[in-house]
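The file coords_26.txt comes next; it holds compact mmCIF, C-alpha atoms and all ligand atoms.
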# COMPACT_ATOMS: atom_id res chain seq x y z
CA MET O 1 0.00 0.00 0.00
CA THR O 2 1.27 3.47 -0.87
CA ALA O 3 0.35 7.10 -0.45
CA GLN O 4 -1.85 6.69 -3.56
CA SER O 5 -4.42 4.87 -1.45
CA ARG O 6 -4.75 7.67 1.12
CA LYS O 7 -8.30 8.79 0.56
CA VAL O 8 -8.11 12.36 1.86
CA LEU O 9 -5.13 12.87 -0.43
CA GLN O 10 -7.07 11.41 -3.36
CA VAL O 11 -9.85 13.93 -2.83
CA LEU O 12 -7.29 16.73 -2.57
CA ASN O 13 -6.14 15.58 -6.01
CA GLY O 14 -9.66 16.18 -7.29
CA GLU O 15 -11.13 12.68 -7.11
CA THR O 16 -14.69 12.00 -5.99
CA LEU O 17 -14.94 9.08 -3.55
CA SER O 18 -18.11 7.39 -2.41
CA PRO O 19 -18.38 7.28 0.54
CA PRO O 20 -16.28 10.38 1.09
CA PRO O 21 -13.31 10.17 3.47
CA ILE O 22 -13.88 11.60 6.93
CA TRP O 23 -11.91 13.25 9.73
CA LEU O 24 -13.00 15.82 12.31
CA MET O 25 -11.42 19.05 13.40
CA ARG O 26 -10.25 18.69 17.03
CA GLN O 27 -10.79 14.94 16.79
CA ALA O 28 -8.15 14.54 19.50
CA GLY O 29 -9.53 16.37 22.49
CA ARG O 30 -11.41 16.54 25.73
CA TYR O 31 -14.53 14.65 24.57
CA LEU O 32 -12.36 11.47 24.67
CA PRO O 33 -11.68 9.93 28.12
CA GLU O 34 -8.30 8.63 26.89
CA TYR O 35 -7.32 12.20 25.91
CA ARG O 36 -8.28 13.52 29.35
CA GLN O 37 -6.14 10.82 30.91
CA THR O 38 -3.02 11.72 28.89
CA ARG O 39 -3.75 15.43 29.35
CA ALA O 40 -3.78 14.97 33.16
CA LYS O 41 -0.33 13.35 33.02
CA ALA O 42 1.12 16.04 30.76
CA GLY O 43 1.13 18.98 33.14
CA SER O 44 0.62 22.02 30.97
CA PHE O 45 -1.10 21.96 27.57
CA LEU O 46 2.09 23.20 25.89
CA ASP O 47 4.07 20.39 27.54
CA LEU O 48 1.67 18.01 25.81
CA CYS O 49 2.28 19.75 22.45
CA TYR O 50 6.08 19.60 22.90
CA SER O 51 6.32 16.02 24.12
CA PRO O 52 6.50 13.78 21.02
CA ASP O 53 5.60 10.64 23.04
CA MET O 54 2.38 12.12 24.38
CA ALA O 55 1.54 14.14 21.26
CA VAL O 56 1.85 10.99 19.12
CA GLU O 57 -0.34 9.09 21.59
CA VAL O 58 -3.19 11.63 21.57
CA THR O 59 -3.02 12.00 17.77
CA LEU O 60 -3.47 8.23 17.43
CA GLN O 61 -6.30 7.91 19.97
CA PRO O 62 -9.16 8.95 17.63
CA ILE O 63 -7.63 6.87 14.80
CA ARG O 64 -7.69 3.74 16.95
CA ARG O 65 -11.21 4.41 18.17
CA TYR O 66 -12.88 5.43 14.89
CA GLY O 67 -10.49 4.64 12.04
CA PHE O 68 -10.71 8.16 10.60
CA ASP O 69 -9.22 8.59 7.12
CA ALA O 70 -6.89 11.33 8.31
CA ALA O 71 -4.94 12.01 11.48
CA ILE O 72 -4.19 15.63 12.32
CA LEU O 73 -0.96 16.36 14.13
CA PHE O 74 -1.67 17.18 17.77
CA SER O 75 -0.36 20.65 18.48
CA ASP O 76 -1.84 24.16 18.51
CA ILE O 77 -1.77 27.22 16.27
CA LEU O 78 -0.34 29.21 19.20
CA VAL O 79 3.00 27.37 19.20
CA ILE O 80 4.09 30.02 16.66
CA PRO O 81 3.65 32.99 19.07
CA ASP O 82 5.20 30.76 21.73
CA ALA O 83 8.23 30.28 19.48
CA LEU O 84 8.28 34.06 18.95
CA LYS O 85 8.68 34.38 22.75
CA ARG O 86 5.26 35.88 23.52
CA ASN O 87 4.99 34.00 26.83
CA VAL O 88 2.05 31.80 25.81
CA ARG O 89 0.18 29.91 28.51
CA PHE O 90 -3.07 27.98 28.62
CA GLU O 91 -4.85 28.67 31.87
CA GLU O 92 -7.49 26.26 33.08
CA GLY O 93 -10.94 27.69 32.34
CA HIS O 94 -9.54 30.84 30.65
CA GLY O 95 -8.23 29.62 27.32
CA PRO O 96 -4.94 30.89 25.93
CA ARG O 97 -3.08 33.92 27.27
CA MET O 98 0.09 35.68 26.10
CA ASP O 99 1.76 39.08 26.41
CA PRO O 100 -0.09 41.53 24.13
CA ILE O 101 2.37 42.76 21.52
CA ALA O 102 3.14 46.50 21.32
CA VAL O 103 3.78 48.37 18.07
CA SER O 104 7.42 48.91 19.02
CA GLU O 105 7.94 45.17 19.56
CA ILE O 106 6.76 44.18 16.09
CA ALA O 107 9.81 45.63 14.33
CA LYS O 108 12.02 43.71 16.76
CA LEU O 109 10.37 40.29 16.48
CA ASP O 110 13.13 37.72 16.26
CA VAL O 111 12.20 34.90 13.89
CA ARG O 112 15.43 32.95 14.28
CA PRO O 113 14.47 30.73 17.21
CA VAL O 114 11.21 29.58 15.62
CA SER O 115 12.38 26.50 13.74
CA GLY O 116 14.59 25.27 16.58
CA HIS O 117 11.85 25.78 19.14
CA LEU O 118 9.37 23.76 17.08
CA GLN O 119 11.59 20.72 16.53
CA PRO O 120 9.64 18.58 19.05
CA VAL O 121 6.53 19.12 16.90
CA ILE O 122 8.44 18.16 13.76
CA GLU O 123 9.67 15.03 15.56
CA THR O 124 6.03 14.20 16.36
CA VAL O 125 5.18 14.41 12.65
CA ARG O 126 8.10 12.12 11.78
CA ARG O 127 7.04 9.49 14.34
CA LEU O 128 3.39 9.71 13.33
CA ARG O 129 4.13 8.90 9.72
CA ARG O 130 5.95 5.78 10.91
CA GLU O 131 3.22 4.71 13.33
CA LEU O 132 0.06 5.47 11.39
CA PRO O 133 -1.59 2.88 9.16
CA ASP O 134 -0.42 3.33 5.55
CA GLU O 135 -3.88 4.27 4.36
CA THR O 136 -4.28 7.12 6.87
CA THR O 137 -3.52 10.59 5.52
CA LEU O 138 -1.36 12.64 7.91
CA LEU O 139 -2.30 16.30 8.13
CA GLY O 140 -0.05 19.02 9.45
CA PHE O 141 -1.37 22.50 10.16
CA CYS O 142 -0.78 26.03 11.29
CA GLY O 143 -2.88 29.09 12.01
CA ALA O 144 -3.39 31.73 9.35
CA PRO O 145 -1.55 35.01 10.03
CA TRP O 146 -4.76 36.95 10.78
CA THR O 147 -6.08 34.46 13.36
CA VAL O 148 -2.70 34.10 15.09
CA ALA O 149 -2.28 37.91 15.07
CA THR O 150 -5.64 38.39 16.83
CA TYR O 151 -4.33 36.45 19.85
CA MET O 152 -0.93 38.18 19.75
CA ILE O 153 -2.51 41.63 19.82
CA ALA O 154 -5.25 41.04 22.40
CA GLY O 155 -3.11 38.65 24.47
CA GLN O 156 -6.12 36.34 24.68
CA GLY O 157 -9.24 35.23 22.83
CA THR O 158 -11.97 37.86 22.42
CA PRO O 159 -15.54 37.52 21.08
CA ASP O 160 -15.10 39.59 17.90
CA GLN O 161 -11.38 40.38 17.69
CA ALA O 162 -12.03 44.10 18.19
CA PRO O 163 -8.49 44.75 19.51
CA ALA O 164 -6.85 43.37 16.34
CA ARG O 165 -9.33 45.10 14.02
CA LEU O 166 -8.67 48.40 15.76
CA PHE O 167 -4.91 47.82 15.67
CA GLY O 168 -5.13 47.28 11.89
CA TYR O 169 -6.70 50.74 11.41
CA GLN O 170 -4.47 52.56 13.89
CA HIS O 171 -1.13 50.97 12.98
CA PRO O 172 -1.46 49.65 9.43
CA GLU O 173 2.27 49.40 8.77
CA ALA O 174 3.07 47.56 11.98
CA PHE O 175 0.09 45.28 11.36
CA ASP O 176 1.22 44.46 7.81
CA ARG O 177 4.68 43.69 9.13
CA LEU O 178 3.23 41.36 11.80
CA LEU O 179 1.17 39.51 9.18
CA ALA O 180 4.22 39.28 6.90
CA VAL O 181 6.40 37.83 9.68
CA LEU O 182 3.72 35.29 10.58
CA ALA O 183 3.22 34.33 6.92
CA GLU O 184 6.92 33.72 6.51
CA VAL O 185 7.59 31.69 9.67
CA SER O 186 4.37 29.73 9.16
CA ALA O 187 5.32 28.83 5.57
CA ASP O 188 8.71 27.60 6.81
CA TYR O 189 6.95 25.59 9.51
CA LEU O 190 4.59 23.98 6.97
CA VAL O 191 7.53 23.05 4.72
CA GLU O 192 9.21 21.38 7.71
CA GLN O 193 6.03 19.44 8.49
CA ILE O 194 5.75 18.29 4.86
CA ASP O 195 9.40 17.22 4.82
CA ALA O 196 8.84 15.27 8.06
CA GLY O 197 5.98 13.28 6.47
CA ALA O 198 2.77 15.34 6.47
CA ASP O 199 0.78 14.38 3.35
CA ALA O 200 -1.14 17.65 3.36
CA VAL O 201 -1.51 20.70 5.58
CA GLN O 202 -4.44 22.81 6.74
CA ILE O 203 -4.32 26.54 7.38
CA PHE O 204 -6.83 27.57 10.08
CA ASP O 205 -8.27 31.08 9.74
CA SER O 206 -10.83 30.64 12.47
CA TRP O 207 -11.50 34.38 12.82
CA ALA O 208 -11.82 35.30 9.14
CA GLY O 209 -15.55 35.89 9.64
CA VAL O 210 -15.21 39.08 11.70
CA LEU O 211 -13.54 40.99 8.86
CA GLY O 212 -15.10 43.51 6.47
CA GLU O 213 -14.61 42.89 2.77
CA GLU O 214 -11.51 45.05 2.31
CA GLU O 215 -9.89 43.78 5.50
CA PHE O 216 -10.69 40.19 4.48
CA ARG O 217 -8.69 40.73 1.30
CA ARG O 218 -5.78 42.40 3.09
CA TYR O 219 -5.56 40.28 6.24
CA ALA O 220 -6.99 36.90 5.24
CA VAL O 221 -6.57 36.45 1.48
CA GLU O 222 -3.26 38.17 0.84
CA PRO O 223 -1.09 36.62 3.60
CA VAL O 224 -2.51 33.13 2.95
CA ARG O 225 -1.96 33.53 -0.80
CA ARG O 226 1.64 34.50 -0.07
CA MET O 227 2.11 31.56 2.31
CA ILE O 228 0.76 29.07 -0.22
CA ASP O 229 2.93 30.54 -3.01
CA ASN O 230 5.94 30.36 -0.71
CA VAL O 231 5.31 26.71 0.23
CA ARG O 232 4.63 25.69 -3.39
CA ALA O 233 7.73 27.50 -4.67
CA ARG O 234 9.74 25.10 -2.51
CA ARG O 235 7.45 22.03 -2.49
CA PRO O 236 5.50 22.17 -5.76
CA HIS O 237 3.35 19.15 -4.89
CA ALA O 238 2.30 20.36 -1.43
CA LYS O 239 -1.42 19.79 -0.79
CA ILE O 240 -3.11 22.58 1.14
CA ILE O 241 -6.56 22.97 2.72
CA ALA O 242 -7.55 26.54 3.66
CA PHE O 243 -10.29 27.01 6.26
CA ALA O 244 -11.57 30.58 6.51
CA LYS O 245 -14.36 30.30 9.05
CA GLY O 246 -17.27 32.65 8.54
CA ALA O 247 -16.07 33.95 5.16
CA GLY O 248 -19.45 33.30 3.50
CA ILE O 249 -19.75 34.42 -0.13
CA LEU O 250 -16.14 35.62 -0.10
CA LEU O 251 -15.09 31.95 -0.18
CA LYS O 252 -15.45 31.84 -3.95
CA ASP O 253 -12.74 34.46 -4.47
CA TYR O 254 -10.79 33.04 -1.54
CA ARG O 255 -10.19 29.74 -3.27
CA GLN O 256 -9.26 31.40 -6.56
CA ALA O 257 -6.97 33.98 -4.98
CA THR O 258 -5.17 31.65 -2.56
CA ASN O 259 -5.01 28.66 -4.91
CA ALA O 260 -5.73 26.26 -2.05
CA ASP O 261 -6.36 22.64 -3.13
CA ALA O 262 -9.47 22.46 -0.97
CA ILE O 263 -11.46 24.91 1.09
CA GLY O 264 -12.97 24.20 4.47
CA LEU O 265 -16.60 25.22 5.00
CA ASP O 266 -18.18 26.12 8.31
CA TRP O 267 -21.79 25.10 9.03
CA SER O 268 -23.20 28.52 8.13
CA VAL O 269 -22.29 27.99 4.45
CA PRO O 270 -25.58 27.06 2.72
CA LEU O 271 -25.34 23.68 1.01
CA SER O 272 -26.55 25.15 -2.30
CA PHE O 273 -23.62 27.59 -2.24
CA ALA O 274 -21.28 24.79 -1.08
CA ALA O 275 -22.28 22.87 -4.23
CA GLU O 276 -21.34 25.94 -6.32
CA LEU O 277 -17.97 26.11 -4.57
CA GLN O 278 -17.44 22.41 -5.21
CA LYS O 279 -17.60 23.03 -8.98
CA ASP O 280 -14.29 24.89 -8.58
CA GLY O 281 -12.63 22.11 -6.55
CA PRO O 282 -12.73 19.94 -3.43
CA VAL O 283 -14.57 21.12 -0.33
CA GLN O 284 -14.36 19.99 3.29
CA GLY O 285 -17.07 20.24 5.92
CA ASN O 286 -19.53 21.28 7.15
CA LEU O 287 -21.67 19.61 9.83
CA ASP O 288 -22.64 21.79 12.79
CA PRO O 289 -20.66 20.43 15.79
CA MET O 290 -23.83 20.89 17.88
CA ARG O 291 -25.48 18.14 15.83
CA VAL O 292 -22.79 15.79 17.18
CA VAL O 293 -23.65 16.87 20.73
CA ALA O 294 -27.37 16.39 20.03
CA GLY O 295 -26.99 12.98 18.37
CA GLY O 296 -30.09 11.08 17.24
CA GLN O 297 -32.20 12.28 14.33
CA SER O 298 -30.63 15.77 14.13
CA LEU O 299 -27.24 14.16 13.65
CA ASP O 300 -28.52 11.78 10.94
CA ASP O 301 -30.43 14.53 9.13
CA GLY O 302 -27.42 16.85 9.06
CA ILE O 303 -25.17 14.11 7.67
CA ASP O 304 -27.71 13.07 5.02
CA ALA O 305 -28.18 16.63 3.77
CA ILE O 306 -24.43 17.04 3.24
CA LEU O 307 -24.06 13.66 1.53
CA GLN O 308 -27.03 14.35 -0.74
CA THR O 309 -25.80 17.77 -1.84
CA LEU O 310 -22.04 17.29 -1.91
CA GLY O 311 -21.57 13.52 -2.09
CA ASN O 312 -21.35 13.41 -5.89
CA GLY O 313 -18.31 15.67 -6.05
CA PRO O 314 -14.93 15.92 -4.34
CA LEU O 315 -15.80 16.03 -0.62
CA ILE O 316 -13.88 15.48 2.61
CA PHE O 317 -16.52 14.97 5.26
CA ASN O 318 -15.83 17.06 8.37
CA LEU O 319 -17.49 19.34 10.89
CA GLY O 320 -17.91 23.06 10.28
CA HIS O 321 -15.59 23.71 13.26
CA GLY O 322 -13.97 21.69 16.02
CA ILE O 323 -15.78 19.00 17.96
CA THR O 324 -16.67 20.29 21.43
CA PRO O 325 -15.79 18.71 24.81
CA GLN O 326 -19.43 17.86 25.58
CA ALA O 327 -19.83 15.63 22.49
CA ASP O 328 -20.63 12.00 23.34
CA PRO O 329 -18.02 9.64 21.82
CA ALA O 330 -20.89 7.28 20.89
CA HIS O 331 -22.36 10.01 18.66
CA VAL O 332 -19.05 10.14 16.79
CA SER O 333 -19.36 6.39 16.14
CA GLN O 334 -22.88 7.01 14.82
CA LEU O 335 -21.52 9.77 12.55
CA VAL O 336 -18.69 7.69 11.10
CA ALA O 337 -20.98 4.68 10.50
CA ARG O 338 -23.59 6.79 8.75
CA VAL O 339 -21.10 8.55 6.48
CA ARG O 340 -19.59 5.19 5.55
CA GLY O 341 -22.97 3.58 5.10
CA THR O 342 -22.04 0.79 7.48
CA GLY O 343 -25.15 1.27 9.63
CA GLN O 344 -25.25 1.03 13.38
O1 LIG I 401 -7.37 17.32 16.87
C1 LIG I 401 -6.99 18.36 16.31
O2 LIG I 401 -7.75 19.05 15.57
C2 LIG I 401 -5.54 18.78 16.42
C3 LIG I 401 -5.20 19.65 17.47
C4 LIG I 401 -5.59 21.12 17.51
C5 LIG I 401 -5.75 21.80 18.73
N1 LIG I 401 -5.95 23.13 18.46
C6 LIG I 401 -5.70 21.18 20.06
C7 LIG I 401 -6.21 21.90 21.24
C8 LIG I 401 -5.76 22.06 16.49
C9 LIG I 401 -5.74 21.86 14.97
C10 LIG I 401 -5.98 23.33 17.11
C11 LIG I 401 -6.15 24.59 16.35
C12 LIG I 401 -6.50 25.81 17.06
N2 LIG I 401 -6.07 26.24 18.29
C13 LIG I 401 -7.29 26.85 16.51
C14 LIG I 401 -7.88 26.85 15.13
C15 LIG I 401 -9.08 25.99 15.04
C16 LIG I 401 -10.21 26.42 15.93
O3 LIG I 401 -10.59 25.62 16.78
O4 LIG I 401 -10.69 27.54 15.75
C17 LIG I 401 -7.37 27.88 17.47
C18 LIG I 401 -8.13 29.19 17.34
C19 LIG I 401 -6.58 27.49 18.59
C20 LIG I 401 -6.31 28.28 19.81
C21 LIG I 401 -6.77 27.57 21.03
N3 LIG I 401 -6.21 26.43 21.52
C22 LIG I 401 -7.81 27.96 21.88
C23 LIG I 401 -8.71 29.16 21.69
C24 LIG I 401 -7.86 27.01 22.91
C25 LIG I 401 -8.74 27.05 24.14
C26 LIG I 401 -10.13 26.67 23.85
C27 LIG I 401 -10.40 25.31 24.39
O5 LIG I 401 -11.01 24.50 23.68
O6 LIG I 401 -10.01 25.06 25.54
C28 LIG I 401 -6.87 26.03 22.65
C29 LIG I 401 -6.59 24.82 23.45
C30 LIG I 401 -6.61 23.51 22.77
N4 LIG I 401 -6.04 23.23 21.56
C31 LIG I 401 -7.18 22.30 23.28
C32 LIG I 401 -6.95 21.30 22.32
C33 LIG I 401 -7.31 19.84 22.42
C34 LIG I 401 -7.90 22.17 24.62
C35 LIG I 401 -6.96 22.42 25.76
C36 LIG I 401 -6.76 21.27 26.72
O7 LIG I 401 -6.88 20.09 26.38
O8 LIG I 401 -6.46 21.57 27.89

Represent the structure of the file as structure tokens.
Ligand code: CP3
Amino acid sequence: MTAQSRKVLQVLNGETLSPPPIWLMRQAGRYLPEYRQTRAKAGSFLDLCYSPDMAVEVTLQPIRRYGFDAAILFSDILVIPDALKRNVRFEEGHGPRMDPIAVSEIAKLDVRPVSGHLQPVIETVRRLRRELPDETTLLGFCGAPWTVATYMIAGQGTPDQAPARLFGYQHPEAFDRLLAVLAEVSADYLVEQIDAGADAVQIFDSWAGVLGEEEFRRYAVEPVRRMIDNVRARRPHAKIIAFAKGAGILLKDYRQATNADAIGLDWSVPLSFAAELQKDGPVQGNLDPMRVVAGGQSLDDGIDAILQTLGNGPLIFNLGHGITPQADPAHVSQLVARVRGTGQ
């Protein structure tokens, strides 16, 4: 068996598979008891990300349990600001925190330690490719510059990223420089993941949906286009999924402008529009994660609607955003069985 039989990769190459391959964003996480067990042993969340033994273990947990068609490297998008020495911590019950970056610090950002700092993550990728079943696609990932910048500016998550939006208007040059630095170090990081054995990579722009049209082009499209060009200039066959959550009708231009192999769709994308987008290339998504929490008929109905509308074209079945901690693992079994048509 070779990489040719990795189904997620086949769809990224434009093939239509029936049933479609499936993986879930945040498939390794707190909804799984075995994750909570490893997490408790790890100490801090970043220690878990930087310990190849434990990071490999939690990446494999959902593969063992459900046989997903892709494994996604266990790490976090905020390892990049951590590598840029922004004092990142994950506080219980508060989500991520870091030192908010000042305008004067942006010019002085030192990108040199980034690759060295992230070597434990690269080692995790290397080991995963050895340990995963041959037919499982291995996905690497990073955050998009805009989404990572929102955390670096506010120093934490915020409901609508007002601090970063304001910063963009008040300090446009510093903001462009921050996005450019993030695009460059993130492209290098993706190339390292690909070289270590990632079959494809996903760029998460989880906060794309709070941007106005002009800002979307400047902060979301342009840096991601540059990143993808940069990666492809060095690794022409790199396969890239771009997930711009909340981008709505702008997704049509987003695919064209960034040249991503596939675009991720959140659950607010109407299926009729998703079918239009699929005419231009593979799509990934877009079940509402709350349907997985609900289970039962609402889960089945949501799955069936996606399969009916998008199942005859290149589709990677996924959620519209990450699975949440309150999801019942049995509902995930129901989901996988229904997508695969293996009943339950
Ligand atoms: O299974 C996978 O999908 C791979 C691992 C992964 C994690 N985070 C693990 C994680 C991936 C791909 C991410 C991406 C990520 N991280 C994003 C983009 C996708 C998205 O969900 O929007 C963002 C915005 C982050 C930043 C981040 N990391 C936040 C806001 C939080 C706190 C929120 C929360 O759920 O607690 C994290 C922590 C985090 N990253 C956890 C996991 C499993 C939970 C922390 C823990 O286990 O203690």

| request: Kindly compile the residues surrounding ligand LIG 401 (chain I) within 9 Å, counting all atoms listed in the file, and format them as a PyMOL selection string. | output: chain O and resi 24-30+35-36+39-40+44-46+48-49+58-59+62+71-78+90-96+140-144+147-148+151+156-157+202-207+243+245+321-325

The selected residues should be written to file as a short mmCIF file (atom, residue, chain, number, x, y, z; two decimals), keeping the file's coordinate frame (atoms: C-alpha atoms).
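selection.cif, written as the output of this step:
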data_model
loop_
_atom_site.label_atom_id
_atom_site.label_comp_id
_atom_site.auth_asym_id
_atom_site.auth_seq_id
_atom_site.Cartn_x
_atom_site.Cartn_y
_atom_site.Cartn_z
CA LEU O 24 -13.00 15.82 12.31
CA MET O 25 -11.42 19.05 13.40
CA ARG O 26 -10.25 18.69 17.03
CA GLN O 27 -10.79 14.94 16.79
CA ALA O 28 -8.15 14.54 19.50
CA GLY O 29 -9.53 16.37 22.49
CA ARG O 30 -11.41 16.54 25.73
CA TYR O 35 -7.32 12.20 25.91
CA ARG O 36 -8.28 13.52 29.35
CA ARG O 39 -3.75 15.43 29.35
CA ALA O 40 -3.78 14.97 33.16
CA SER O 44 0.62 22.02 30.97
CA PHE O 45 -1.10 21.96 27.57
CA LEU O 46 2.09 23.20 25.89
CA LEU O 48 1.67 18.01 25.81
CA CYS O 49 2.28 19.75 22.45
CA VAL O 58 -3.19 11.63 21.57
CA THR O 59 -3.02 12.00 17.77
CA PRO O 62 -9.16 8.95 17.63
CA ALA O 71 -4.94 12.01 11.48
CA ILE O 72 -4.19 15.63 12.32
CA LEU O 73 -0.96 16.36 14.13
CA PHE O 74 -1.67 17.18 17.77
CA SER O 75 -0.36 20.65 18.48
CA ASP O 76 -1.84 24.16 18.51
CA ILE O 77 -1.77 27.22 16.27
CA LEU O 78 -0.34 29.21 19.20
CA PHE O 90 -3.07 27.98 28.62
CA GLU O 91 -4.85 28.67 31.87
CA GLU O 92 -7.49 26.26 33.08
CA GLY O 93 -10.94 27.69 32.34
CA HIS O 94 -9.54 30.84 30.65
CA GLY O 95 -8.23 29.62 27.32
CA PRO O 96 -4.94 30.89 25.93
CA GLY O 140 -0.05 19.02 9.45
CA PHE O 141 -1.37 22.50 10.16
CA CYS O 142 -0.78 26.03 11.29
CA GLY O 143 -2.88 29.09 12.01
CA ALA O 144 -3.39 31.73 9.35
CA THR O 147 -6.08 34.46 13.36
CA VAL O 148 -2.70 34.10 15.09
CA TYR O 151 -4.33 36.45 19.85
CA GLN O 156 -6.12 36.34 24.68
CA GLY O 157 -9.24 35.23 22.83
CA GLN O 202 -4.44 22.81 6.74
CA ILE O 203 -4.32 26.54 7.38
CA PHE O 204 -6.83 27.57 10.08
CA ASP O 205 -8.27 31.08 9.74
CA SER O 206 -10.83 30.64 12.47
CA TRP O 207 -11.50 34.38 12.82
CA PHE O 243 -10.29 27.01 6.26
CA LYS O 245 -14.36 30.30 9.05
CA HIS O 321 -15.59 23.71 13.26
CA GLY O 322 -13.97 21.69 16.02
CA ILE O 323 -15.78 19.00 17.96
CA THR O 324 -16.67 20.29 21.43
CA PRO O 325 -15.79 18.71 24.81
#

query: Distance atom CA of Leu251 of chain O-atom CA of Gly155 of chain O, one decimal place?
result: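 Pair atom CA of Leu251 of chain O / atom CA of Gly155 of chain O returns 28.2 Å.
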
Exercise. From the list O:Leu32, O:Ile306, O:Val191, O:Val8, which residue is nearest Ile122 of chain O when using all atoms listed in the file?
Worked result: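 Going through O:Leu32, O:Ile306, O:Val191, O:Val8 one by one, the smallest distance to Ile122 of chain O is for O:Val191.
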
(request) Would you kindly return, as a ChimeraX atom specification, each protein, DNA or RNA residue with an atom no farther than 9 Å from any atom of Arg340 of chain O, considering only C-alpha atoms and excluding same-chain residues fewer than 4 positions away? (result) /O:18-22,335-336

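Across the structure, atom CA of Leu9 of chain O and atom CA of Ser115 of chain O are spaced 26.3 Å apart.
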
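Each of O:Thr258, O:Glu123, O:Val88, O:Gly67 was compared to Tyr50 of chain O using all atoms listed in the file, and O:Glu123 turns out to be the nearest.
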
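Across O:Ser268, O:Gln37, O:Thr137, O:Gln297, the tightest approach to Phe68 of chain O is made by O:Thr137 when counting only C-alpha atoms.
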
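Nearest residue to Val293 of chain O among O:Lys108, O:Lys279, O:His331, O:His117 is O:His331, counting all atoms listed in the file.
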
Judged by all atoms listed in the file, the minimum distance to Ala107 of chain O among O:Ser51, O:Asp304, O:Asp288, O:Ala174 is found for O:Ala174

Problem set entry | Exercise: Gly313 of chain O partners within 10 Å, all atoms listed in the file, chain neighbours under 2 positions left out, as a list of chain:residue names |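 The contact residues come out as O:Val11, O:Gly14, O:Glu15, O:Thr16, O:Leu17, O:Ser18, O:Pro20, O:Ala275, O:Gln278, O:Lys279, O:Gly281, O:Pro282, O:Val283, O:Leu307, O:Thr309, O:Leu310, O:Gly311, O:Leu315, O:Ile316.
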
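Of the listed residues (O:Ala198, O:Leu179, O:Glu276, O:Arg255), O:Ala198 comes nearest to Arg130 of chain O; the distances count only C-alpha atoms.
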
From atom CA of Pro81 of chain O to atom CA of Tyr254 of chain O the spacing works out at 25.2 Å

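Around the point (-18.6, 2.1, 13.4), within 7 Å and counting only C-alpha atoms, we find these residues: Tyr66, Ser333, Gln334, Val336, Ala337, Thr342 and Gln344 of chain O.
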
List the spatial neighbours of Arg225 of chain O as a list in words - criterion: any atom at most 7 Å away, all atoms listed in the file, same-chain residues fewer than 4 positions off excluded.
Val221, Asp229, Ala257 and Thr258 of chain O

task = Show which residues sit within 7 Å of segment 236-238 of chain O, as a PyMOL selection string. Count all atoms listed in the file, and ignore same-chain residues fewer than 3 positions away.
result = chain O and resi 200+232-233

Practice problem: Mind checking which residues fall within 6 Å of Gly285 of chain O, counting all atoms listed in the file, ignoring those fewer than 3 positions away in the same chain, and posting them as a PyMOL selection string? | Solution: chain O and resi 264-265+317-320

* To do: Give as a list in words each residue that has an atom at most 9 Å from (-12.7, 35.6, 11.0) in the file, counting only C-alpha atoms.
  =>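 Every residue inside that radius is included here: Trp146, Thr147, Asp160, Gln161, Asp205, Ser206, Trp207, Ala208, Gly209, Val210, Leu211, Phe216, Ala220, Ala244, Lys245, Gly246 and Ala247 of chain O.
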
Just save segment 102-122 of chain O with C-alpha atoms, as a PDB file, in the first residue's frame.
ATOM      1  CA  ALA O 102       3.137  46.495  21.319  1.00  0.00           C
ATOM      2  CA  VAL O 103       3.783  48.374  18.067  1.00  0.00           C
ATOM      3  CA  SER O 104       7.424  48.914  19.018  1.00  0.00           C
ATOM      4  CA  GLU O 105       7.941  45.170  19.560  1.00  0.00           C
ATOM      5  CA  ILE O 106       6.761  44.181  16.095  1.00  0.00           C
ATOM      6  CA  ALA O 107       9.811  45.629  14.327  1.00  0.00           C
ATOM      7  CA  LYS O 108      12.020  43.714  16.755  1.00  0.00           C
ATOM      8  CA  LEU O 109      10.369  40.288  16.482  1.00  0.00           C
ATOM      9  CA  ASP O 110      13.133  37.718  16.262  1.00  0.00           C
ATOM     10  CA  VAL O 111      12.204  34.900  13.889  1.00  0.00           C
ATOM     11  CA  ARG O 112      15.433  32.952  14.281  1.00  0.00           C
ATOM     12  CA  PRO O 113      14.470  30.729  17.214  1.00  0.00           C
ATOM     13  CA  VAL O 114      11.214  29.584  15.618  1.00  0.00           C
ATOM     14  CA  SER O 115      12.378  26.499  13.740  1.00  0.00           C
ATOM     15  CA  GLY O 116      14.588  25.269  16.580  1.00  0.00           C
ATOM     16  CA  HIS O 117      11.846  25.782  19.136  1.00  0.00           C
ATOM     17  CA  LEU O 118       9.374  23.759  17.081  1.00  0.00           C
ATOM     18  CA  GLN O 119      11.590  20.715  16.527  1.00  0.00           C
ATOM     19  CA  PRO O 120       9.641  18.582  19.049  1.00  0.00           C
ATOM     20  CA  VAL O 121       6.528  19.117  16.905  1.00  0.00           C
ATOM     21  CA  ILE O 122       8.440  18.157  13.760  1.00  0.00           C
TER      22      ILE O 122
END
